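J.: Take a look at the following structure, please.
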Amino acid sequence: MSVDKDPWFLFAGPTLYGLRSTALTLPAGVVSLPPAKRGDIAKLVEENPPSVIVLVDGLFHQNPSVGHRELISAIDEGWVVWGLSSIGAIRARELLQYGMKGFGRVFRMFTQIEDFRDDEVALLHEPGPPYRRLSEPLVNIRDWLCELSEEGTISQEQFAKVIASLSNRWFGDRSLEIVFREVAEIIKVGRDQVFVRLRRDIEMHRIKTFDLQEFLRTKVTRSEKN
């Protein structure tokens, strides 16, 4: 697999770590960079001719987050800038009118779900490679609970109560154990089976990683910049 002659620059950490459980490897021509912080995009643009930036993960707690102005400047300089999965999806939603491109389910959630908040994609992770996650993003839990609601295992009211309760927690406290505790307080019948389902099925609901996987498969390998 390869992209065209110009490299694609991918800013990713914990979302990319999720691909380790699959057979997918980064296509040739993709330069893997750590989660972006303020100034990283500007530095990249200054040091390289225009190509493609794929913004996935970024730092925002311990460092200033990647800035809107540097992304707009990159676009103005002729770069194609994609955002998906995490802070990339957030910035894509905010900068669509400036020419940034969004991709994937998480990006669509930001544009379509009225109460969808930025911290739904946030998580704690190791400070360096391989960026293992230390908490679970609420967006993954939302997707899992949505499936349970659609199949009738939990009601819409129970779904809303769990989401509301978890939304009031600091993102770093959203471990699977905490999720079970919240579910157990709301679901009185069959809660043990629900937790077994969570442990068994959560990998199928890590949609941030699936968005990146699909982007690499459909965009990068075909060199589709637009």
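The way I read the labels, and the way they are meant: chains A, B, ... in the order of the structure tokens, residue 1 as the first residue of every chain, and ligand 1 as the first ligand shown, with later ones counted on from there.
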Which residues in chain A does DSSP call strand (DSSP E)? List them as a list in words.

T.: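 So the strand (DSSP E) residues in chain A would be Trp8, Phe9, Leu10, Phe11, Val30, Val31, Ser32, Leu33, Val52, Ile53, Val54, Leu55, Val80, Val81, Trp82, Gly83, Leu84, Lys101, Gly102 and Phe103 of chain A.
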
J.: Selected residues, N, CA and C atoms, written as a PDB file, in the first residue's frame, please.

T.:
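Here's the written file selection.pdb:
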```
ATOM      1  N   TRP A   8       1.969  11.995   3.550  1.00  0.00           N
ATOM      2  CA  TRP A   8       0.822  12.399   4.350  1.00  0.00           C
ATOM      3  C   TRP A   8       1.284  12.396   5.807  1.00  0.00           C
ATOM      4  N   PHE A   9       0.998  13.457   6.536  1.00  0.00           N
ATOM      5  CA  PHE A   9       1.465  13.599   7.913  1.00  0.00           C
ATOM      6  C   PHE A   9       0.305  13.322   8.866  1.00  0.00           C
ATOM      7  N   LEU A  10       0.463  12.256   9.673  1.00  0.00           N
ATOM      8  CA  LEU A  10      -0.595  11.772  10.552  1.00  0.00           C
ATOM      9  C   LEU A  10      -0.248  12.058  12.007  1.00  0.00           C
ATOM     10  N   PHE A  11      -1.061  12.888  12.680  1.00  0.00           N
ATOM     11  CA  PHE A  11      -0.901  13.171  14.100  1.00  0.00           C
ATOM     12  C   PHE A  11      -1.838  12.259  14.883  1.00  0.00           C
ATOM     13  N   VAL A  30       3.147   7.474   4.682  1.00  0.00           N
ATOM     14  CA  VAL A  30       2.505   8.158   5.796  1.00  0.00           C
ATOM     15  C   VAL A  30       3.545   8.386   6.891  1.00  0.00           C
ATOM     16  N   VAL A  31       3.739   9.635   7.258  1.00  0.00           N
ATOM     17  CA  VAL A  31       4.667   9.990   8.328  1.00  0.00           C
ATOM     18  C   VAL A  31       3.873  10.064   9.624  1.00  0.00           C
ATOM     19  N   SER A  32       4.186   9.167  10.561  1.00  0.00           N
ATOM     20  CA  SER A  32       3.465   9.107  11.831  1.00  0.00           C
ATOM     21  C   SER A  32       4.089  10.078  12.829  1.00  0.00           C
ATOM     22  N   LEU A  33       3.268  10.977  13.370  1.00  0.00           N
ATOM     23  CA  LEU A  33       3.713  11.983  14.322  1.00  0.00           C
ATOM     24  C   LEU A  33       2.915  11.856  15.619  1.00  0.00           C
ATOM     25  N   VAL A  52      -0.558  16.727   2.699  1.00  0.00           N
ATOM     26  CA  VAL A  52      -1.786  16.381   3.419  1.00  0.00           C
ATOM     27  C   VAL A  52      -1.490  16.219   4.906  1.00  0.00           C
ATOM     28  N   ILE A  53      -2.295  16.868   5.724  1.00  0.00           N
ATOM     29  CA  ILE A  53      -2.247  16.709   7.181  1.00  0.00           C
ATOM     30  C   ILE A  53      -3.491  15.945   7.615  1.00  0.00           C
ATOM     31  N   VAL A  54      -3.296  14.905   8.421  1.00  0.00           N
ATOM     32  CA  VAL A  54      -4.412  14.147   8.993  1.00  0.00           C
ATOM     33  C   VAL A  54      -4.326  14.313  10.505  1.00  0.00           C
ATOM     34  N   LEU A  55      -5.207  15.143  11.046  1.00  0.00           N
ATOM     35  CA  LEU A  55      -5.220  15.417  12.475  1.00  0.00           C
ATOM     36  C   LEU A  55      -6.205  14.466  13.152  1.00  0.00           C
ATOM     37  N   VAL A  80      -3.889  20.192   2.262  1.00  0.00           N
ATOM     38  CA  VAL A  80      -5.177  19.542   2.489  1.00  0.00           C
ATOM     39  C   VAL A  80      -5.179  19.067   3.936  1.00  0.00           C
ATOM     40  N   VAL A  81      -6.173  19.489   4.709  1.00  0.00           N
ATOM     41  CA  VAL A  81      -6.193  19.178   6.143  1.00  0.00           C
ATOM     42  C   VAL A  81      -7.464  18.397   6.479  1.00  0.00           C
ATOM     43  N   TRP A  82      -7.263  17.172   6.952  1.00  0.00           N
ATOM     44  CA  TRP A  82      -8.358  16.300   7.378  1.00  0.00           C
ATOM     45  C   TRP A  82      -8.412  16.236   8.904  1.00  0.00           C
ATOM     46  N   GLY A  83      -9.608  16.104   9.441  1.00  0.00           N
ATOM     47  CA  GLY A  83      -9.782  15.902  10.872  1.00  0.00           C
ATOM     48  C   GLY A  83     -10.756  14.777  11.139  1.00  0.00           C
ATOM     49  N   LEU A  84     -10.429  13.925  12.112  1.00  0.00           N
ATOM     50  CA  LEU A  84     -11.300  12.799  12.429  1.00  0.00           C
ATOM     51  C   LEU A  84     -11.018  12.268  13.824  1.00  0.00           C
ATOM     52  N   LYS A 101     -11.455  19.450   6.235  1.00  0.00           N
ATOM     53  CA  LYS A 101     -12.322  18.335   5.851  1.00  0.00           C
ATOM     54  C   LYS A 101     -12.513  17.390   7.035  1.00  0.00           C
ATOM     55  N   GLY A 102     -13.755  16.944   7.208  1.00  0.00           N
ATOM     56  CA  GLY A 102     -14.063  16.005   8.275  1.00  0.00           C
ATOM     57  C   GLY A 102     -14.374  14.623   7.726  1.00  0.00           C
ATOM     58  N   PHE A 103     -14.136  13.617   8.566  1.00  0.00           N
ATOM     59  CA  PHE A 103     -14.345  12.228   8.132  1.00  0.00           C
ATOM     60  C   PHE A 103     -14.798  11.398   9.322  1.00  0.00           C
TER      61      PHE A 103
END
```

J.: Please run DSSP on the backbone and report, as a ChimeraX atom specification, all residues within range 28-193 of chain A that come out as helix (DSSP H, G or I).

T.: /A:40-47,68-76,87-94,96-98,104-112,118-121,138-150,156-167,171-173,176-186,191-193

J.: Output as CSV one row per residue of range 45-104 of chain A within 9 Å of range 118-131 of chain A: the closest atom pair and its distance in Å to one decimal place, counting only C-alpha atoms, sorted by chain and residue number ascending.

T.:
```
residue,atom,partner,partner_atom,distance
A:Ser85,CA,A:Val121,CA,7.7
A:Ser86,CA,A:Val121,CA,5.4
A:Ile87,CA,A:Val121,CA,7.5
A:Ile90,CA,A:Asp118,CA,6.8
```

J.: So that I have them on file, write out the residues from the current selection with N, CA and C atoms, as a short mmCIF file (atom, residue, chain, number, x, y, z; two decimals), in the first residue's frame.

T.:
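Saved file part.cif follows:
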```cif
data_model
loop_
_atom_site.label_atom_id
_atom_site.label_comp_id
_atom_site.auth_asym_id
_atom_site.auth_seq_id
_atom_site.Cartn_x
_atom_site.Cartn_y
_atom_site.Cartn_z
N SER A 85 -11.94 11.47 14.32
CA SER A 85 -11.80 10.62 15.51
C SER A 85 -11.80 11.36 16.83
N SER A 86 -10.95 12.35 17.00
CA SER A 86 -10.77 12.97 18.31
C SER A 86 -10.74 14.49 18.15
N ILE A 87 -9.66 15.13 18.59
CA ILE A 87 -9.61 16.58 18.40
C ILE A 87 -9.66 16.95 16.92
N ILE A 90 -13.20 17.49 16.16
CA ILE A 90 -13.64 18.75 16.75
C ILE A 90 -13.22 19.93 15.87
#
```

J.: Would you kindly return, as a PDB file with N, CA and C atoms, in the first residue's frame, each protein, DNA or RNA residue with an atom no farther than 10 Å from any atom of His205 in chain A, considering only C-alpha atoms and excluding same-chain residues fewer than 2 positions away?

T.:
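Here's the written file out24.pdb:
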```
ATOM      1  N   VAL A 139     -17.610   8.644  23.959  1.00  0.00           N
ATOM      2  CA  VAL A 139     -18.193   8.365  22.642  1.00  0.00           C
ATOM      3  C   VAL A 139     -18.304   6.863  22.387  1.00  0.00           C
ATOM      4  N   ASN A 140     -17.333   6.094  22.882  1.00  0.00           N
ATOM      5  CA  ASN A 140     -17.399   4.636  22.730  1.00  0.00           C
ATOM      6  C   ASN A 140     -18.519   4.047  23.583  1.00  0.00           C
ATOM      7  N   ILE A 141     -18.633   4.552  24.821  1.00  0.00           N
ATOM      8  CA  ILE A 141     -19.682   4.074  25.714  1.00  0.00           C
ATOM      9  C   ILE A 141     -21.057   4.430  25.158  1.00  0.00           C
ATOM     10  N   ARG A 142     -21.180   5.622  24.605  1.00  0.00           N
ATOM     11  CA  ARG A 142     -22.450   6.039  23.997  1.00  0.00           C
ATOM     12  C   ARG A 142     -22.854   5.069  22.892  1.00  0.00           C
ATOM     13  N   ASP A 143     -21.887   4.692  22.058  1.00  0.00           N
ATOM     14  CA  ASP A 143     -22.185   3.793  20.952  1.00  0.00           C
ATOM     15  C   ASP A 143     -22.629   2.425  21.468  1.00  0.00           C
ATOM     16  N   TRP A 144     -21.972   1.940  22.513  1.00  0.00           N
ATOM     17  CA  TRP A 144     -22.327   0.648  23.101  1.00  0.00           C
ATOM     18  C   TRP A 144     -23.725   0.693  23.708  1.00  0.00           C
ATOM     19  N   LEU A 145     -24.002   1.756  24.494  1.00  0.00           N
ATOM     20  CA  LEU A 145     -25.319   1.883  25.117  1.00  0.00           C
ATOM     21  C   LEU A 145     -26.418   2.066  24.075  1.00  0.00           C
ATOM     22  N   GLU A 147     -26.535   0.691  21.168  1.00  0.00           N
ATOM     23  CA  GLU A 147     -26.871  -0.644  20.658  1.00  0.00           C
ATOM     24  C   GLU A 147     -27.789  -1.374  21.627  1.00  0.00           C
ATOM     25  N   LEU A 198     -20.478  -5.607  28.060  1.00  0.00           N
ATOM     26  CA  LEU A 198     -19.548  -4.479  27.925  1.00  0.00           C
ATOM     27  C   LEU A 198     -18.118  -4.973  27.799  1.00  0.00           C
ATOM     28  N   ASP A 201     -17.789  -6.814  24.389  1.00  0.00           N
ATOM     29  CA  ASP A 201     -18.084  -6.139  23.126  1.00  0.00           C
ATOM     30  C   ASP A 201     -17.457  -4.764  22.968  1.00  0.00           C
ATOM     31  N   ILE A 202     -16.792  -4.217  23.990  1.00  0.00           N
ATOM     32  CA  ILE A 202     -16.336  -2.836  23.908  1.00  0.00           C
ATOM     33  C   ILE A 202     -15.396  -2.608  22.723  1.00  0.00           C
ATOM     34  N   GLU A 203     -14.604  -3.610  22.369  1.00  0.00           N
ATOM     35  CA  GLU A 203     -13.700  -3.444  21.222  1.00  0.00           C
ATOM     36  C   GLU A 203     -14.462  -3.153  19.936  1.00  0.00           C
ATOM     37  N   ILE A 207     -15.135   3.433  18.258  1.00  0.00           N
ATOM     38  CA  ILE A 207     -15.374   4.005  16.935  1.00  0.00           C
ATOM     39  C   ILE A 207     -14.330   5.036  16.535  1.00  0.00           C
ATOM     40  N   LYS A 208     -13.634   5.614  17.511  1.00  0.00           N
ATOM     41  CA  LYS A 208     -12.551   6.527  17.140  1.00  0.00           C
ATOM     42  C   LYS A 208     -11.490   5.790  16.324  1.00  0.00           C
ATOM     43  N   THR A 209     -11.124   4.606  16.786  1.00  0.00           N
ATOM     44  CA  THR A 209     -10.128   3.801  16.073  1.00  0.00           C
ATOM     45  C   THR A 209     -10.675   3.302  14.746  1.00  0.00           C
ATOM     46  N   PHE A 210     -11.955   2.911  14.727  1.00  0.00           N
ATOM     47  CA  PHE A 210     -12.551   2.449  13.464  1.00  0.00           C
ATOM     48  C   PHE A 210     -12.570   3.559  12.423  1.00  0.00           C
TER      49      PHE A 210
END
```

J.: Show which residues sit within 12 Å of Ala160 in chain A, as a PyMOL selection string. Count only C-alpha atoms, and ignore same-chain residues fewer than 2 positions away.

T.: chain A and resi 115+142+145-146+149+154-158+162-167+182-183+186

J.: Which is closest to Arg197 in chain A among A:Asn226, A:Ser51, A:Thr153, A:Ser73, if we use only C-alpha atoms?

T.: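 Under the stated criterion, the closest residue is A:Thr153.
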
J.: Record the distance separating CA of Phe195 in chain A and CA of Leu176 in chain A, expressed in Å with one decimal.

T.: 9.0 Å

J.: Which one of A:His68, A:Lys161, A:Arg133, A:Arg181 sits closest to Ala42 in chain A if you count only C-alpha atoms?

T.: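 Answer, going by the shortest atom-to-atom distance: A:His68.
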
J.: I'd like the neighbourhood of Ala36 in chain A as a ChimeraX atom specification, where a residue qualifies if any of its atoms comes within 8 Å (using only C-alpha atoms), though same-chain residues fewer than 3 positions away should be ignored.

T.: /A:11-12,33,40-41,55,57-59,65-66
